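Asker: Got a structure for you, written out below as structure tokens; questions coming shortly.
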Amino acid sequence: MSFWKNISQALRGDIMLPRSLYTLKVRSRRCQETINVEVNLRQELLAQYDNRGQLTGYYCRKLAEGSGANRCFDTVTIELYFDKKQQLLRREIENGVFL
């Protein structure tokens with residue numbers, strides 16, 4: 001019974017499988033605040049396909065907001081591009097820098 005329970009939990013996302021989180025740190029340009037960002041590779045990636053319907057990779061766009069300390073609120077936009085094996089190919093950031 002526990003085998004099927006574990007499968008059910010894994011499919012629902014209750015159990016984090018190995019390499020299911022991609023973490024990074026960014027700093028907002030305006031507030032100079034460090035923000036920790038996590039991307040759930042099982043739930044937050046958008047599959048990308050070519051014109052033949054073949055999987056070419058994955059894409060994720062995250063908006064990270066600071067805590068608002070010192071009455072400074074800023075949103076950092078992060079775009080991540082992964083290959084078919086969910087290995088990071090490219091990352092872009094707006095209103096911030098990667099640490």
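Lettering and numbering for the structure tokens are positional, with chains as A, B, ... in the shown order, residues counted from 1 in each chain, and ligands counted from 1 in the shown order.
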Please list as a list in words every residue within 8 Å of region 55-58 of chain A, counting only C-alpha atoms and excluding residues in the same chain fewer than 4 positions away.

Answerer: Leu45, Leu46, Ala47, Gln48, Tyr49, Asp50, Tyr81, Phe82, Asp83, Lys84, Lys85 and Gln86 of chain A

Asker: Which is closest to Arg29 (chain A) among A:Trp4, A:Ala64, A:Asp74, A:Leu80, if we use only C-alpha atoms?

Answerer: A:Asp74

Asker: For the structure I just gave you, how does DSSP split chain A - specifically, which residues are strand (DSSP E)? Reply as a VMD selection string.

Answerer: chain A and resid 21 to 28 34 to 40 46 to 49 55 to 65 75 to 82 88 to 94 96 to 98

Asker: Those selected residues, please, written with C-alpha atoms and delivered as a tab-separated table (two decimals), in the first residue's frame.

Answerer:
chain	number	residue	atom	x	y	z
A	21	LEU	CA	14.30	22.53	-7.34
A	22	TYR	CA	16.54	25.04	-9.06
A	23	THR	CA	17.66	27.78	-6.66
A	24	LEU	CA	19.36	31.09	-7.33
A	25	LYS	CA	20.03	34.42	-5.67
A	26	VAL	CA	19.39	37.80	-7.23
A	27	ARG	CA	19.81	41.39	-6.10
A	28	SER	CA	17.38	44.10	-7.10
A	34	THR	CA	19.16	40.03	-1.98
A	35	ILE	CA	16.28	37.74	-2.93
A	36	ASN	CA	16.34	33.93	-2.86
A	37	VAL	CA	14.41	32.36	-5.74
A	38	GLU	CA	13.31	28.75	-6.15
A	39	VAL	CA	11.97	27.18	-9.34
A	40	ASN	CA	10.11	23.89	-9.03
A	46	LEU	CA	6.73	25.51	-19.77
A	47	ALA	CA	7.57	22.94	-22.46
A	48	GLN	CA	8.82	24.35	-25.78
A	49	TYR	CA	8.19	22.47	-29.05
A	55	LEU	CA	10.21	18.80	-27.42
A	56	THR	CA	13.11	21.25	-27.70
A	57	GLY	CA	13.42	22.45	-24.10
A	58	TYR	CA	11.74	24.31	-21.28
A	59	TYR	CA	11.17	27.93	-20.29
A	60	CYS	CA	10.35	29.62	-17.00
A	61	ARG	CA	9.60	33.25	-16.15
A	62	LYS	CA	9.67	34.24	-12.49
A	63	LEU	CA	8.88	37.52	-10.81
A	64	ALA	CA	10.74	37.99	-7.54
A	65	GLU	CA	9.77	40.70	-5.08
A	75	THR	CA	10.19	43.43	-8.80
A	76	VAL	CA	12.96	41.48	-10.52
A	77	THR	CA	12.01	39.55	-13.68
A	78	ILE	CA	13.95	36.33	-14.31
A	79	GLU	CA	13.77	34.21	-17.46
A	80	LEU	CA	15.35	30.75	-17.49
A	81	TYR	CA	15.86	28.50	-20.53
A	82	PHE	CA	16.49	24.77	-20.08
A	88	LEU	CA	20.13	25.40	-17.65
A	89	LEU	CA	21.12	26.84	-21.03
A	90	ARG	CA	20.59	30.55	-20.56
A	91	ARG	CA	19.30	33.01	-17.97
A	92	GLU	CA	18.21	36.62	-18.28
A	93	ILE	CA	17.32	39.18	-15.66
A	94	GLU	CA	15.59	42.55	-15.66
A	96	GLY	CA	18.46	43.10	-11.02
A	97	VAL	CA	21.68	41.07	-11.13
A	98	PHE	CA	22.45	37.40	-10.50

Asker: What is the CA of Leu41 (chain A)-CA of Lys5 (chain A) distance in Å, reported with one decimal?

Answerer: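 So the answer is 21.7 Å.
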